[in-house]
$ cat data04.txt   # compact mmCIF, C-alpha atoms
# COMPACT_ATOMS: atom_id res chain seq x y z
CA MET E 1 -9.93 -16.82 35.82
CA LYS E 2 -12.80 -18.93 34.53
CA LYS E 3 -15.27 -16.59 36.22
CA ILE E 4 -13.60 -13.57 34.68
CA ALA E 5 -13.70 -15.20 31.25
CA LEU E 6 -17.35 -16.16 31.57
CA ILE E 7 -18.37 -12.74 32.78
CA SER E 8 -16.38 -11.09 29.96
CA LEU E 9 -18.02 -13.34 27.37
CA LEU E 10 -21.46 -12.57 28.76
CA ALA E 11 -20.71 -8.85 28.69
CA VAL E 12 -19.57 -9.05 25.06
CA ILE E 13 -22.69 -10.94 24.01
CA LEU E 14 -25.03 -8.55 25.86
CA PHE E 15 -23.21 -5.56 24.40
CA ALA E 16 -23.40 -6.97 20.88
CA CYS E 17 -27.10 -7.77 21.21
CA GLY E 18 -27.81 -4.39 22.73
CA GLN E 19 -26.35 -2.56 19.76
CA GLN E 20 -29.15 -3.75 17.43
CA PRO E 21 -27.21 -3.16 14.28
CA LYS E 22 -29.09 -1.76 11.34
CA THR E 23 -28.67 -4.72 9.04
CA GLN E 24 -29.62 -4.53 5.42
CA GLU E 25 -32.72 -6.66 6.11
CA THR E 26 -34.10 -4.32 8.80
CA THR E 27 -37.13 -2.38 7.72
CA VAL E 28 -39.17 -2.41 10.93
CA GLU E 29 -38.31 1.10 12.04
CA ALA E 30 -41.00 3.66 11.53
CA GLU E 31 -40.19 5.12 8.15
CA LYS E 32 -40.39 8.78 7.39
CA SER E 33 -42.84 9.62 4.70
CA ALA E 34 -39.93 10.75 2.56
CA GLU E 35 -40.38 10.88 -1.16
CA VAL E 36 -38.65 8.01 -2.92
CA LEU E 37 -36.69 9.48 -5.80
CA SER E 38 -35.33 7.84 -8.89
CA VAL E 39 -31.62 8.32 -9.56
CA ASP E 40 -32.39 10.75 -12.38
CA ASP E 41 -34.68 12.89 -10.20
CA LEU E 42 -32.20 12.83 -7.33
CA LEU E 43 -29.35 14.06 -9.49
CA GLN E 44 -31.56 16.80 -10.91
CA LYS E 45 -32.50 18.03 -7.43
CA ALA E 46 -29.11 17.26 -5.88
CA PRO E 47 -27.85 20.81 -5.34
CA GLU E 48 -30.87 21.70 -3.19
CA LEU E 49 -30.93 18.33 -1.39
CA ALA E 50 -27.23 18.24 -0.46
CA ASP E 51 -26.59 17.40 3.22
CA ASN E 52 -30.19 16.22 3.65
CA GLU E 53 -31.58 12.75 4.15
CA VAL E 54 -32.86 11.30 0.89
CA VAL E 55 -34.45 8.07 -0.25
CA VAL E 56 -33.46 6.84 -3.68
CA LYS E 57 -34.40 3.76 -5.64
CA GLY E 58 -32.31 2.26 -8.38
CA THR E 59 -30.66 -0.82 -9.83
CA VAL E 60 -27.22 -1.74 -8.56
CA PHE E 61 -24.95 -1.95 -11.55
CA HIS E 62 -21.60 -2.05 -9.81
CA VAL E 63 -20.40 -3.16 -6.38
CA CYS E 64 -16.83 -2.39 -5.45
CA GLN E 65 -14.90 -5.64 -5.74
CA GLN E 66 -12.54 -4.75 -2.91
CA GLY E 67 -14.83 -5.40 0.03
CA GLY E 68 -18.10 -3.98 -1.28
CA GLU E 69 -17.81 -0.72 0.63
CA ARG E 70 -19.59 1.16 -2.12
CA CYS E 71 -21.98 0.52 -4.92
CA PHE E 72 -23.41 2.47 -7.84
CA LEU E 73 -27.11 2.81 -8.61
CA MET E 74 -28.02 3.21 -12.24
CA GLY E 75 -30.53 5.73 -13.53
CA SER E 76 -32.40 5.59 -16.82
CA THR E 77 -29.10 4.92 -18.65
CA GLU E 78 -25.72 3.68 -17.54
CA ASP E 79 -24.33 7.22 -17.90
CA ILE E 80 -26.59 8.37 -15.07
CA SER E 81 -25.55 6.90 -11.75
CA ILE E 82 -24.90 7.73 -8.14
CA ARG E 83 -22.34 6.30 -5.78
CA VAL E 84 -23.50 4.96 -2.43
CA GLU E 85 -21.03 4.50 0.40
CA ALA E 86 -21.97 1.67 2.77
CA GLY E 87 -20.37 3.34 5.79
CA GLU E 88 -20.25 1.88 9.26
CA LYS E 89 -23.99 1.25 9.66
CA LEU E 90 -24.45 -0.78 6.48
CA GLY E 91 -21.03 -2.42 6.56
CA ALA E 92 -20.75 -3.50 2.98
CA PHE E 93 -22.69 -4.35 -0.15
CA THR E 94 -22.39 -7.80 -1.65
CA GLN E 95 -21.79 -8.88 -5.24
CA GLU E 96 -25.07 -10.76 -5.00
CA GLN E 97 -26.83 -7.38 -4.93
CA MET E 98 -25.71 -6.62 -8.48
CA GLY E 99 -28.77 -6.15 -10.64
CA SER E 100 -31.08 -5.84 -7.63
CA GLU E 101 -33.43 -2.94 -7.13
CA LEU E 102 -32.51 -1.23 -3.87
CA GLU E 103 -34.20 1.55 -1.95
CA ILE E 104 -31.48 3.38 -0.07
CA THR E 105 -31.90 5.96 2.66
CA GLY E 106 -28.91 8.14 3.32
CA ILE E 107 -27.40 11.58 3.43
CA LEU E 108 -26.70 13.20 0.08
CA LYS E 109 -23.24 14.69 0.06
CA GLU E 110 -21.27 16.67 -2.44
CA VAL E 111 -17.77 15.64 -3.43
CA LEU E 112 -15.49 18.52 -2.58
CA THR E 113 -12.71 19.17 -5.02
CA GLU E 114 -9.27 20.28 -3.93
CA ALA E 115 -10.07 23.78 -5.07
CA ASP E 116 -13.20 23.79 -2.98
CA ALA E 117 -11.32 22.48 0.07
CA HIS E 118 -8.71 25.14 -0.39
CA ASN E 119 -11.53 27.70 -0.58
CA PRO E 120 -9.48 30.75 -1.28
CA GLY E 121 -12.29 33.16 -0.57
CA LYS E 122 -12.70 32.18 3.07
CA GLU E 123 -9.22 31.11 3.98
CA HIS E 124 -7.47 34.18 2.80
CA GLY E 125 -10.35 36.64 2.83
CA GLU E 126 -10.51 40.27 3.79
CA GLU E 127 -12.09 39.35 7.16
CA GLU E 128 -8.77 37.93 8.32
CA GLY E 129 -7.01 41.10 7.26
CA GLU E 130 -4.67 39.02 5.16
CA VAL E 131 -3.04 40.66 2.20
CA GLU E 132 -2.35 38.51 -0.86
CA ASP E 133 0.44 39.18 -3.29
CA ALA E 134 -0.41 39.40 -7.00
CA GLU E 135 0.82 35.88 -7.78
CA THR E 136 -1.20 34.24 -4.97
CA ALA E 137 -4.29 36.24 -5.87
CA ALA E 138 -4.00 35.12 -9.49
CA ALA E 139 -3.59 31.50 -8.46
CA HIS E 140 -6.62 31.71 -6.21
CA GLU E 141 -8.63 33.21 -9.03
CA VAL E 142 -7.72 30.30 -11.32
CA LEU E 143 -8.71 27.83 -8.59
CA ALA E 144 -12.01 29.58 -8.01
CA ASP E 145 -12.75 29.65 -11.77
CA ASN E 146 -11.92 25.94 -12.07
CA GLN E 147 -14.13 25.17 -9.14
CA ALA E 148 -17.03 27.13 -10.62
CA ALA E 149 -16.65 25.38 -13.98
CA ALA E 150 -16.24 21.90 -12.54
CA GLU E 151 -19.10 19.47 -12.65
CA ARG E 152 -20.63 18.97 -9.24
CA VAL E 153 -20.49 15.38 -8.09
CA PHE E 154 -22.72 13.92 -5.43
CA PHE E 155 -22.79 10.68 -3.50
CA ILE E 156 -24.88 9.13 -0.73
CA GLU E 157 -23.72 8.05 2.70
CA GLY E 158 -25.99 5.05 3.15
CA MET E 159 -27.90 4.53 6.37
CA LYS E 160 -30.59 2.00 5.47
CA VAL E 161 -31.09 -0.42 2.60
CA LYS E 162 -34.26 -2.16 1.49
CA GLU E 163 -34.11 -4.73 -1.25
CA MET E 164 -37.17 -4.49 -3.46
CA THR E 165 -38.59 -7.88 -4.32
CA GLU E 166 -41.01 -8.25 -7.22
CA MET A 1 0.56 -13.58 43.41
CA LYS A 2 3.84 -12.92 41.65
CA ILE A 3 3.67 -10.91 38.47
CA ARG A 4 5.31 -13.54 36.29
CA LYS A 5 2.89 -16.20 37.52
CA LEU A 6 -0.09 -13.92 36.88
CA LEU A 7 1.24 -13.10 33.42
CA ARG A 8 1.62 -16.78 32.65
CA ILE A 9 -1.94 -17.52 33.71
CA LEU A 10 -3.41 -14.60 31.78
CA HIS A 11 -1.25 -15.35 28.72
CA ARG A 12 -2.41 -18.96 28.78
CA ASP A 13 -6.11 -18.26 29.23
CA PHE A 14 -6.35 -15.26 26.92
CA GLY A 15 -4.20 -17.22 24.49
CA TYR A 16 -6.76 -20.03 24.34
CA PHE A 17 -9.54 -17.49 23.96
CA ILE A 18 -7.92 -15.62 21.08
CA VAL A 19 -6.91 -18.64 18.98
CA ALA A 20 -10.02 -18.48 16.81
CA MET A 21 -9.66 -14.77 16.01
CA THR A 22 -5.95 -15.17 15.32
CA ILE A 23 -6.76 -17.87 12.79
CA VAL A 24 -9.43 -15.61 11.25
CA TYR A 25 -7.05 -12.67 10.92
CA ALA A 26 -4.19 -14.85 9.64
CA VAL A 27 -6.16 -16.82 7.04
CA SER A 28 -8.18 -13.85 5.80
CA GLY A 29 -5.01 -11.77 5.89
CA ILE A 30 -3.42 -14.09 3.35
CA TYR A 31 -6.42 -13.87 1.05
CA LEU A 32 -6.65 -10.10 1.39
CA ASN A 33 -2.91 -9.77 0.74
CA HIS A 34 -3.52 -11.33 -2.65
CA ARG A 35 -6.59 -9.24 -3.49
CA HIS A 36 -4.91 -8.00 -6.67
CA ASP A 37 -4.10 -11.56 -7.76
CA PHE A 38 -7.57 -13.00 -7.21
CA ASN A 39 -10.89 -12.08 -5.65
CA PRO A 40 -10.56 -12.87 -1.93
CA ASP A 41 -14.33 -13.21 -1.36
CA TYR A 42 -15.61 -14.98 -4.44
CA LYS A 43 -14.50 -17.69 -6.80
CA ILE A 44 -15.25 -16.38 -10.29
CA ILE A 45 -16.25 -18.86 -12.95
CA ILE A 46 -16.07 -17.47 -16.46
CA THR A 47 -17.89 -19.17 -19.30
CA ASP A 48 -17.60 -18.03 -22.90
CA PHE A 49 -20.42 -19.02 -25.21
CA THR A 50 -22.06 -18.14 -28.50
CA HIS A 51 -25.61 -17.07 -29.32
CA ASN A 52 -27.66 -16.06 -32.34
CA LEU A 53 -29.01 -12.74 -31.13
CA GLN A 54 -29.00 -10.03 -33.78
CA PRO A 55 -28.39 -6.36 -33.04
CA GLN A 56 -31.66 -4.52 -32.48
CA GLN A 57 -33.05 -1.58 -30.53
CA SER A 58 -34.34 -3.55 -27.60
CA TYR A 59 -34.52 -7.12 -26.45
CA PRO A 60 -37.43 -8.82 -24.70
CA ASP A 61 -36.74 -10.17 -21.23
CA ASP A 62 -37.73 -13.73 -22.06
CA GLU A 63 -35.41 -13.89 -25.07
CA ILE A 64 -32.43 -12.85 -22.96
CA GLN A 65 -33.51 -15.17 -20.18
CA GLU A 66 -33.64 -18.08 -22.62
CA ILE A 67 -30.11 -17.41 -23.84
CA VAL A 68 -28.73 -17.15 -20.32
CA GLU A 69 -30.49 -20.31 -19.17
CA SER A 70 -29.17 -22.20 -22.17
CA VAL A 71 -25.65 -21.54 -20.92
CA GLN A 72 -26.45 -22.64 -17.37
CA PRO A 73 -29.93 -23.92 -16.50
CA ASP A 74 -29.91 -22.98 -12.80
CA VAL A 75 -29.04 -19.35 -13.45
CA VAL A 76 -31.66 -16.85 -12.20
CA TYR A 77 -32.22 -13.95 -14.60
CA LYS A 78 -32.78 -10.56 -12.92
CA LYS A 79 -32.79 -7.88 -15.59
CA HIS A 80 -30.77 -6.51 -18.49
CA TYR A 81 -29.96 -3.27 -20.23
CA VAL A 82 -28.27 -2.18 -23.43
CA ASP A 83 -25.10 -0.17 -22.90
CA ASN A 84 -23.75 2.68 -25.00
CA ASP A 85 -21.88 0.27 -27.28
CA GLY A 86 -25.03 -1.70 -28.02
CA ASP A 87 -23.90 -4.67 -25.95
CA ILE A 88 -26.33 -6.31 -23.58
CA LYS A 89 -25.45 -6.45 -19.91
CA VAL A 90 -27.49 -9.03 -18.07
CA PHE A 91 -27.75 -9.24 -14.30
CA ILE A 92 -28.21 -12.71 -12.89
CA ALA A 93 -28.29 -13.90 -9.31
CA ASN A 94 -24.66 -14.31 -8.26
CA GLY A 95 -23.15 -12.93 -11.42
CA GLU A 96 -23.48 -11.13 -14.70
CA VAL A 97 -23.51 -11.87 -18.39
CA ILE A 98 -22.49 -9.75 -21.32
CA LEU A 99 -23.80 -10.43 -24.80
CA PHE A 100 -22.26 -8.99 -27.93
CA PRO A 101 -25.04 -9.05 -30.54
CA GLY A 102 -22.71 -8.08 -33.37
CA SER A 103 -20.31 -10.99 -32.99
CA GLY A 104 -22.65 -13.57 -31.50
CA GLU A 105 -20.38 -14.03 -28.50
CA GLY A 106 -21.16 -13.89 -24.83
CA ARG A 107 -19.44 -14.21 -21.50
CA MET A 108 -20.88 -15.25 -18.18
CA ARG A 109 -19.19 -14.38 -14.85
CA TYR A 110 -20.64 -16.52 -12.10
CA LEU A 111 -19.67 -15.84 -8.50
CA GLN A 112 -19.39 -18.37 -5.73
CA ARG A 113 -18.71 -17.22 -2.22
CA ARG A 114 -15.57 -18.82 -0.79
CA PRO A 115 -16.86 -20.97 2.08
CA LEU A 116 -15.64 -19.73 5.48
CA VAL A 117 -13.14 -17.32 3.89
CA PHE A 118 -15.95 -14.94 2.85
CA SER A 119 -17.11 -14.65 6.46
CA MET A 120 -13.54 -14.37 7.74
CA ASN A 121 -12.85 -11.52 5.34
CA LYS A 122 -15.92 -9.66 6.55
CA LEU A 123 -14.75 -10.07 10.15
CA HIS A 124 -11.26 -8.93 9.23
CA ARG A 125 -12.48 -5.88 7.31
CA ALA A 126 -14.92 -5.08 10.16
CA THR A 127 -17.80 -4.54 7.76
CA LEU A 128 -20.39 -6.08 10.06
CA GLY A 129 -21.65 -2.93 11.72
CA THR A 130 -20.80 -0.84 14.74
CA ALA A 131 -21.01 -3.56 17.42
CA TRP A 132 -18.38 -5.73 15.74
CA LYS A 133 -16.05 -2.73 15.47
CA TRP A 134 -15.84 -2.52 19.27
CA VAL A 135 -15.74 -6.27 19.82
CA SER A 136 -12.89 -6.66 17.34
CA ASP A 137 -11.07 -3.76 19.04
CA ALA A 138 -11.30 -5.72 22.31
CA MET A 139 -10.05 -8.85 20.52
CA ALA A 140 -7.11 -6.87 19.15
CA VAL A 141 -6.22 -5.61 22.63
CA ILE A 142 -6.29 -9.19 23.93
CA LEU A 143 -4.05 -10.29 21.06
CA LEU A 144 -1.68 -7.45 21.86
CA PHE A 145 -1.60 -8.51 25.48
CA VAL A 146 -0.91 -12.15 24.55
CA ALA A 147 1.94 -11.05 22.27
CA VAL A 148 3.62 -8.73 24.77
CA SER A 149 3.08 -10.92 27.83
CA GLY A 150 4.74 -13.81 26.00
CA LEU A 151 8.02 -11.89 26.12
CA PHE A 152 8.16 -12.00 29.90
CA ILE A 153 7.00 -15.49 30.73
CA LEU A 154 10.20 -17.47 30.52
CA LYS A 155 13.18 -17.06 32.82
CA GLY A 156 16.71 -18.31 32.48
CA LYS A 157 18.58 -19.61 29.44
CA ARG A 158 15.68 -19.24 27.01
CA GLY A 159 14.21 -16.14 28.55
CA PHE A 160 13.91 -12.76 26.88
CA LYS A 161 17.18 -11.29 28.19
CA ARG A 162 19.47 -14.16 27.15
CA TRP A 163 17.70 -15.67 24.17
CA GLY A 164 14.48 -13.99 23.03
CA TRP A 165 15.62 -10.40 22.58
CA TRP A 166 17.50 -10.88 19.33
CA LEU A 167 14.68 -12.88 17.74
CA THR A 168 12.26 -10.14 18.78
CA VAL A 169 14.53 -7.48 17.29
CA ALA A 170 14.76 -9.49 14.06
CA GLY A 171 10.98 -9.62 13.98
CA PHE A 172 10.87 -5.82 14.17
CA ILE A 173 13.60 -5.33 11.57
CA VAL A 174 11.90 -7.32 8.79
CA PRO A 175 8.85 -5.05 8.47
CA LEU A 176 10.98 -2.00 9.29
CA ILE A 177 13.15 -2.66 6.22
CA PHE A 178 10.07 -2.66 4.01
CA VAL A 179 8.77 0.52 5.59
CA ILE A 180 12.11 2.25 5.01
CA LEU A 181 12.45 0.97 1.45
CA TYR A 182 8.92 1.52 0.25
CA LEU A 183 7.47 4.42 2.23
$ encode --input "data04.txt" --output "C-alpha cells"
Amino acid sequence: MKKIALISLLAVILFACGQQPKTQETTVEAEKSAEVLSVDDLLQKAPELADNEVVVKGTVFHVCQQGGERCFLMGSTEDISIRVEAGEKLGAFTQEQMGSELEITGILKEVLTEADAHNPGKEHGEEEGEVEDAETAAAHEVLADNQAAAERVFFIEGMKVKEMTE
Amino acid sequence: MKIRKLLRILHRDFGYFIVAMTIVYAVSGIYLNHRHDFNPDYKIIITDFTHNLQPQQSYPDDEIQEIVESVQPDVVYKKHYVDNDGDIKVFIANGEVILFPGSGEGRMRYLQRRPLVFSMNKLHRATLGTAWKWVSDAMAVILLFVAVSGLFILKGKRGFKRWGWWLTVAGFIVPLIFVILYL
C-alpha cells in the first residue's frame, strides 16, 4: 500500500511538472511578431480580426469579483473597453491586477446573440427544402433585422498575459 | 485477500491521503457559499476621507498621489482617470480610490488577501491551470471512493444493513428536498 501511494504521488508530481502551465508570469516562449494593438484600435478592427489571435494592451479597470475569471481592459475612455476571459490556461485574474497595464494574447471572439444562434437563414433555408409558413417567416425576418441592427460585441479568450512594468 | 479487508485498508490509506483536500474543499466551500454576503478571497477595508481637490479638466499624477498617500502612507499609486461624471478613479496596488471633486469626499477600498483561504478558494475553483484540473479530478475520485467504501466496512449491529442505511438515506433526502423545492 505504501509503495502504491508513493508511486502514485510521484506520478502526480511528474505529471504536474510535465504540464508546464502557462502562468501569467511566463514570457519565455518565442513570441510572434504580432502587432500590439490598443483597445481602441482592436475594437475598430474587430470585425476583420474575429476568430484570429490578437495582442492587445490596456489598463485593467475591472476584475470580476467572483473568482476573477474575467477582466475588462479600458481604452482611451471608460466607455471603450473589451472583456477578457481568463479561460483554462490563464486560470484567473486577481484584484491586484486592477489598474495594471497588461499585454494580453488571445483569440478575438464575437458574442453571438440569440438571433444569431438561431440563424434563420441557414437553419430553415431553401437548401433543406423546408417550407416556412407566413408567421414563421415573419418572425425570422424580425430576428434577422434585429440581428443586423444589433451592436456587435467582441471579447478575447486569453491565452497569455504579460504585466507591463514601468 | 477478502474484499472487506481490502476495502478497509484502501479506505484507511486513501482516507489519510485525502484529509487535506477535504479540509480545503470544506473550508473554501463555506466561504464560497457566502460569496454574496462577503468577498471570499479578500478582506475589504473601506476608508472614507475628505480632500480639497477642486473640479478641473485634468489632475496631475503627483497631486492625486499626494492625496492618496495622505489617507494611507504605504499605499502605492498606480494611475488614475476621470470618469464620465467627473469623478476621479484612482488605481492603487491592492485597491482603488474614488475622489469626488465636487463634494470634497473620497473613499478608499483596500484589499487584503485572506491568508490560506485565498489559496484554498483557487484550488476549489480549479483556476490554477490545466494540470490542477486533472489532479483535482483524481482527488475527487479518491474522495468518492473513500465515501462509498465507508458504507461497506462495518459488519454486524452498526453495519450498513442494520444501522447505516437509514442515516445514508437521510443524507440523500436533505439535498433532494432542496432540489425538488428550488429547481
$ atom_distance --input "data04.txt" --atom1 "CA of Glu85 in chain E" --atom2 "CA of Pro47 in chain E"
18.6 Å
$ residues_near_point --input "data04.txt" --point "(-29.3, 13.4, -7.2)" --cutoff "12 Å" --atoms "all atoms listed in the file" --output "PyMOL selection string"
chain E and resi 36-58+73-75+80-84+106-110+152-156
$ closest_residue --input "data04.txt" --among "A:Val169, A:Leu128, A:Arg114, A:Gly15" --to "Phe38 in chain A" --atoms "only C-alpha atoms"
A:Arg114
$ interface_residues --input "data04.txt" --of "chain A" --to "chain E" --cutoff "6 Å" --atoms "all atoms listed in the file" --output "PyMOL selection string"
chain A and resi 91+94+127-129+131
$ residues_near_point --input "data04.txt" --point "(-18.4, -12.5, -7.3)" --cutoff "8 Å" --atoms "all atoms listed in the file" --output "PyMOL selection string"
(chain E and resi 65+95-96) or (chain A and resi 39+41-44+94-95+109-113)
$ atom_distance --input "data04.txt" --atom1 "CA of Arg12 in chain A" --atom2 "CA of Lys122 in chain A"
27.6 Å
$ atom_distance --input "data04.txt" --atom1 "CA of Leu10 in chain A" --atom2 "CA of Val146 in chain A"
8.0 Å
$ residues_around --input "data04.txt" --residues "Ser103 in chain A" --least-positions-apart "2" --cutoff "12 Å" --atoms "only C-alpha atoms" --output "list in words"
Phe49, Thr50, His51, Asn52, Leu53, Gln54, Pro55, Gly86, Asp87, Ile98, Leu99, Phe100, Pro101, Glu105, Gly106 and Arg107 of chain A
$ residues_around --input "data04.txt" --residues "Leu7 in chain A" --least-positions-apart "6" --cutoff "9 Å" --atoms "all atoms listed in the file" --output "PDB file with C-alpha atoms, keeping the file's coordinate frame"
ATOM      1  CA  SER A 149       3.080 -10.920  27.830  1.00  0.00           C
ATOM      2  CA  GLY A 150       4.740 -13.810  26.000  1.00  0.00           C
ATOM      3  CA  PHE A 152       8.160 -12.000  29.900  1.00  0.00           C
ATOM      4  CA  ILE A 153       7.000 -15.490  30.730  1.00  0.00           C
TER       5      ILE A 153
END
